[in-house]
There are 2 protein chains.
Amino acid sequence: MAEKELPRLRSSFSVDCVIFGFDDGELKILLIERNKQPFKEWKAIPGNLVNDDEDLDSAAARILYELTGLSEVYLEQFHSFGEIGRHPQGRVVTVAYYAIIKRFETGLHPITNYAKKAFWAPANQIPELAFDHNQIVKKGIERLRNEIRREPLGFELLEENFTLTQLQHLYEVILEKNIDKRNFRKKILGFGLLTEVKKKRTGVSHRPADLYKFNKKKYQALKGTGFVFEI
Amino acid sequence: MAEKELPRLRSSFSVDCVIFGFDDGELKILLIERNKQPFKEWKAIPGNLVNDDEDLDSAAARILYELTGLSEVYLEQFHSFGEIGRHPQGRVVTVAYYAIIKRFETGLHPITNYAKKAFWAPANQIPELAFDHNQIVKKGIERLRNEIRREPLGFELLEENFTLTQLQHLYEVILEKNIDKRNFRKKILGFGLLTEVKKKRTGVSHRPADLYKFNKKKYQALKGTGFVFEI
DNA sequence: GCAAAAGTGTTAACTTTACACCCATGT
DNA sequence: ACATGGGTGTAAAGTTAACACTTTTGC
């Protein structure tokens, strides 16, 4: 902790975001190095106080945008944390969101002053973080693991066009189990939600894989009629 | 709305509880009639501001206790609501919890001043409520419906000893679908989590049903080894 | 031609669904 | 004896799990 006396805040609330990306065959989380007290220079997940004229969802979207420049992103509230001593300057309840972004799309140019820098850390090697952020990250990962089985979130983590092997690998990493290739393909193609696109995947020294993209509109329509995506 | 000018609150947070009971073959929700401005005399779900020296979970437990006298109860946070205009007196973010209680155990003696009276309303006939409480109730019911399929919450709604028909009926009402009697029994007994107790169910003019109770300890143990309860 | 990942079907095990009759009690 | 809900098993359909070889490309 090692903080000096800081002014007391009035009771207040904030939003913190667990931002997931997938790269190098790993699930990653976006961290910042804080540029402000308290916990100045500590690593943390992006978060900030909510403005008086701002919804929670808008605050989460703003924080994400300030950090990544991305705006059309899967973003969902998952839990609020309000232990008495979680913030050294006063009572701050935080509402935690998780976001899923296509990692490759963003160059991480924080247009905000609260982050000295931003970087990706592997989800299973998160360093000690400010506040109760380790707890928030833990709960966020749990939630992602649960949700990704019943909602087609995996596609949000990959480029628009992807191979079935990439997709399978993503599920294997997040769910921490091996999946049979043939059964996986049978099931995922059986949903009829993937459209095959021109064969590509060039530059690899082996047979090039077919590329697919996820048909989001079709999923939305099916979902309305009671269809449940389930891996 | 029809409220007169009221003092502005500082930005603050509260806890609201969707309290479920099951009775007369119906899912019920505990409502109060408010005794205080704003929304004095409106119907609402129980809720209150969180004290400065109180965790969110403790606040939820306190509110439940004040209303029902119950304390060892399934109680879980499910969503926070923070739209800008949701509270007429200022910015109040509320953290919503749902609680599941054995309906018969409590006599509803509110030991609190914020409720004029408390009463049970059928979950599908909720009147117009104060604040955004209708929205909170709606989301709470959705959550219960999802959770009850994967967590053995149904038992929390019944008396300690119950018949399989009662249990089946509960699932039918909450999930809004018919369930085959033989298949239901096969599955639920197959988990090995129900212990048969002395035959009773007296006073009914037909063959008396066997009574069972849920073995919570066994469930906890199994859960630790990866077992998933699923209806 | 070799290394590397892509692609492809069948069978057995298991799970889910559908379905109908006799039983124990109170009146 | 009759009305009422309690209790029971089997077979077909569907789903999941296990498993191995050929194909296409770059080098």
# chains A, B, ... in the order shown; residues from 1 in each chain; ligands from 1
$ interface_residues --of "chain A" --to "chain D" --cutoff "10 Å" --atoms "only C-alpha atoms (C1' of nucleotides)" --output "count of residues only"
11
$ closest_atom_pairs --of "chain B" --to "chain A" --cutoff "7 Å" --atoms "only C-alpha atoms" --output "JSON lines"
{"residue": "B:Ser11", "atom": "CA", "partner": "A:Ser12", "partner_atom": "CA", "distance": 6.3}
{"residue": "B:Ser12", "atom": "CA", "partner": "A:Ser12", "partner_atom": "CA", "distance": 6.1}
{"residue": "B:Asp53", "atom": "CA", "partner": "A:Ile84", "partner_atom": "CA", "distance": 6.4}
{"residue": "B:Glu54", "atom": "CA", "partner": "A:Ile84", "partner_atom": "CA", "distance": 6.4}
{"residue": "B:Asp55", "atom": "CA", "partner": "A:Glu83", "partner_atom": "CA", "distance": 5.0}
{"residue": "B:Leu56", "atom": "CA", "partner": "A:Gly82", "partner_atom": "CA", "distance": 5.7}
{"residue": "B:His79", "atom": "CA", "partner": "A:His79", "partner_atom": "CA", "distance": 6.7}
{"residue": "B:Ser80", "atom": "CA", "partner": "A:Ser80", "partner_atom": "CA", "distance": 6.9}
{"residue": "B:Gly82", "atom": "CA", "partner": "A:Leu56", "partner_atom": "CA", "distance": 5.7}
{"residue": "B:Glu83", "atom": "CA", "partner": "A:Asp55", "partner_atom": "CA", "distance": 5.0}
{"residue": "B:Ile84", "atom": "CA", "partner": "A:Asp55", "partner_atom": "CA", "distance": 5.6}
$ interface_residues --of "chain C" --to "chain B" --cutoff "7 Å" --atoms "only C-alpha atoms (C1' of nucleotides)" --output "number ranges by chain"
C: 24-26
$ select_by_dssp --residues "range 94-220 of chain A" --states "helix (DSSP H, G or I)" --output "number ranges by chain"
A: 103-105, 133-150, 154-157, 164-175, 181-190, 216-220
$ write_last_selection --atoms "C-alpha atoms" --output "PDB file, in the first residue's frame"
ATOM      1  CA  ARG A 103      -6.676  -7.402 -30.391  1.00  0.00           C
ATOM      2  CA  PHE A 104      -5.095  -6.649 -33.727  1.00  0.00           C
ATOM      3  CA  GLU A 105      -7.307  -3.643 -34.384  1.00  0.00           C
ATOM      4  CA  HIS A 133      -8.081  -5.259  -9.050  1.00  0.00           C
ATOM      5  CA  ASN A 134      -6.658  -8.758  -8.807  1.00  0.00           C
ATOM      6  CA  GLN A 135      -9.949  -9.891  -7.344  1.00  0.00           C
ATOM      7  CA  ILE A 136     -11.856  -8.089 -10.100  1.00  0.00           C
ATOM      8  CA  VAL A 137      -9.741  -9.681 -12.798  1.00  0.00           C
ATOM      9  CA  LYS A 138     -10.235 -13.111 -11.259  1.00  0.00           C
ATOM     10  CA  LYS A 139     -13.980 -12.741 -11.232  1.00  0.00           C
ATOM     11  CA  GLY A 140     -13.925 -11.344 -14.763  1.00  0.00           C
ATOM     12  CA  ILE A 141     -12.030 -14.342 -16.094  1.00  0.00           C
ATOM     13  CA  GLU A 142     -14.462 -16.692 -14.370  1.00  0.00           C
ATOM     14  CA  ARG A 143     -17.334 -14.851 -15.965  1.00  0.00           C
ATOM     15  CA  LEU A 144     -15.789 -14.929 -19.419  1.00  0.00           C
ATOM     16  CA  ARG A 145     -15.253 -18.672 -19.066  1.00  0.00           C
ATOM     17  CA  ASN A 146     -18.892 -19.183 -18.232  1.00  0.00           C
ATOM     18  CA  GLU A 147     -20.270 -16.861 -20.862  1.00  0.00           C
ATOM     19  CA  ILE A 148     -18.132 -18.044 -23.720  1.00  0.00           C
ATOM     20  CA  ARG A 149     -19.763 -21.453 -23.556  1.00  0.00           C
ATOM     21  CA  ARG A 150     -23.247 -20.120 -24.121  1.00  0.00           C
ATOM     22  CA  GLY A 154     -15.109 -16.230 -29.175  1.00  0.00           C
ATOM     23  CA  PHE A 155     -15.581 -14.528 -32.516  1.00  0.00           C
ATOM     24  CA  GLU A 156     -15.205 -11.117 -30.905  1.00  0.00           C
ATOM     25  CA  LEU A 157     -11.660 -12.029 -29.973  1.00  0.00           C
ATOM     26  CA  LEU A 164     -11.441 -23.232 -37.517  1.00  0.00           C
ATOM     27  CA  THR A 165      -8.160 -24.215 -35.948  1.00  0.00           C
ATOM     28  CA  GLN A 166      -7.699 -20.697 -34.578  1.00  0.00           C
ATOM     29  CA  LEU A 167     -11.195 -20.793 -33.154  1.00  0.00           C
ATOM     30  CA  GLN A 168     -10.699 -24.211 -31.618  1.00  0.00           C
ATOM     31  CA  HIS A 169      -7.421 -23.117 -30.121  1.00  0.00           C
ATOM     32  CA  LEU A 170      -9.108 -20.101 -28.555  1.00  0.00           C
ATOM     33  CA  TYR A 171     -11.685 -22.295 -26.845  1.00  0.00           C
ATOM     34  CA  GLU A 172      -9.018 -24.703 -25.695  1.00  0.00           C
ATOM     35  CA  VAL A 173      -7.045 -21.904 -24.087  1.00  0.00           C
ATOM     36  CA  ILE A 174      -9.980 -20.192 -22.412  1.00  0.00           C
ATOM     37  CA  LEU A 175     -11.727 -23.353 -21.256  1.00  0.00           C
ATOM     38  CA  LYS A 181     -10.815 -31.447 -33.898  1.00  0.00           C
ATOM     39  CA  ARG A 182     -13.417 -33.378 -35.852  1.00  0.00           C
ATOM     40  CA  ASN A 183     -16.110 -33.101 -33.221  1.00  0.00           C
ATOM     41  CA  PHE A 184     -15.447 -29.399 -32.802  1.00  0.00           C
ATOM     42  CA  ARG A 185     -15.773 -28.726 -36.528  1.00  0.00           C
ATOM     43  CA  LYS A 186     -18.892 -30.820 -36.826  1.00  0.00           C
ATOM     44  CA  LYS A 187     -20.557 -28.949 -34.004  1.00  0.00           C
ATOM     45  CA  ILE A 188     -19.518 -25.437 -34.874  1.00  0.00           C
ATOM     46  CA  LEU A 189     -20.344 -25.786 -38.553  1.00  0.00           C
ATOM     47  CA  GLY A 190     -23.593 -27.501 -37.593  1.00  0.00           C
ATOM     48  CA  LYS A 216     -23.874 -12.173 -36.448  1.00  0.00           C
ATOM     49  CA  LYS A 217     -27.193 -11.190 -38.008  1.00  0.00           C
ATOM     50  CA  LYS A 218     -28.195 -14.795 -38.448  1.00  0.00           C
ATOM     51  CA  TYR A 219     -27.266 -15.498 -34.836  1.00  0.00           C
ATOM     52  CA  GLN A 220     -29.381 -12.593 -33.577  1.00  0.00           C
TER      53      GLN A 220
END
$ residues_around --residues "range 32-45 of chain A" --least-positions-apart "6" --cutoff "10 Å" --atoms "only C-alpha atoms (C1' of nucleotides)" --output "PyMOL selection string"
chain A and resi 1-6+16-19+67+87-89+110+112-121+126-134+136-137
$ closest_residue --among "A:Gly21, A:Leu153, A:Lys28, A:Thr163" --to "Ile101 in chain A" --atoms "only C-alpha atoms"
A:Gly21
$ select_by_dssp --residues "range 9-227 of chain B" --states "strand (DSSP E)" --output "PyMOL selection string"
chain B and resi 12-23+26-34+43-44+47-49+74-81+92-100+115-122+194-197+211-214
$ atom_distance --atom1 "CA of Gly107 in chain B" --atom2 "CA of Asn161 in chain B"
19.5 Å
$ residues_around --residues "Leu64 in chain A" --least-positions-apart "6" --cutoff "8 Å" --atoms "only C-alpha atoms (C1' of nucleotides)" --output "list of chain:residue names"
A:Cys17, A:Pro46, A:Leu70, A:Ser71
$ write_last_selection --atoms "N, CA and C atoms" --output "PDB file, in the first residue's frame"
ATOM      1  N   CYS A  17     -12.656  -1.786 -15.891  1.00  0.00           N
ATOM      2  CA  CYS A  17     -12.854  -2.656 -17.054  1.00  0.00           C
ATOM      3  C   CYS A  17     -11.792  -3.739 -17.156  1.00  0.00           C
ATOM      4  N   PRO A  46      -7.881  -0.597 -16.323  1.00  0.00           N
ATOM      5  CA  PRO A  46      -8.395   0.746 -16.588  1.00  0.00           C
ATOM      6  C   PRO A  46      -9.702   0.980 -15.848  1.00  0.00           C
ATOM      7  N   LEU A  70     -11.317   2.271 -29.509  1.00  0.00           N
ATOM      8  CA  LEU A  70     -12.379   1.414 -30.033  1.00  0.00           C
ATOM      9  C   LEU A  70     -13.725   1.776 -29.421  1.00  0.00           C
ATOM     10  N   SER A  71     -14.776   1.647 -30.223  1.00  0.00           N
ATOM     11  CA  SER A  71     -16.077   1.953 -29.644  1.00  0.00           C
ATOM     12  C   SER A  71     -17.157   0.892 -29.867  1.00  0.00           C
TER      13      SER A  71
END
$ atom_distance --atom1 "CA of Ala99 in chain A" --atom2 "CA of Leu222 in chain A"
23.6 Å
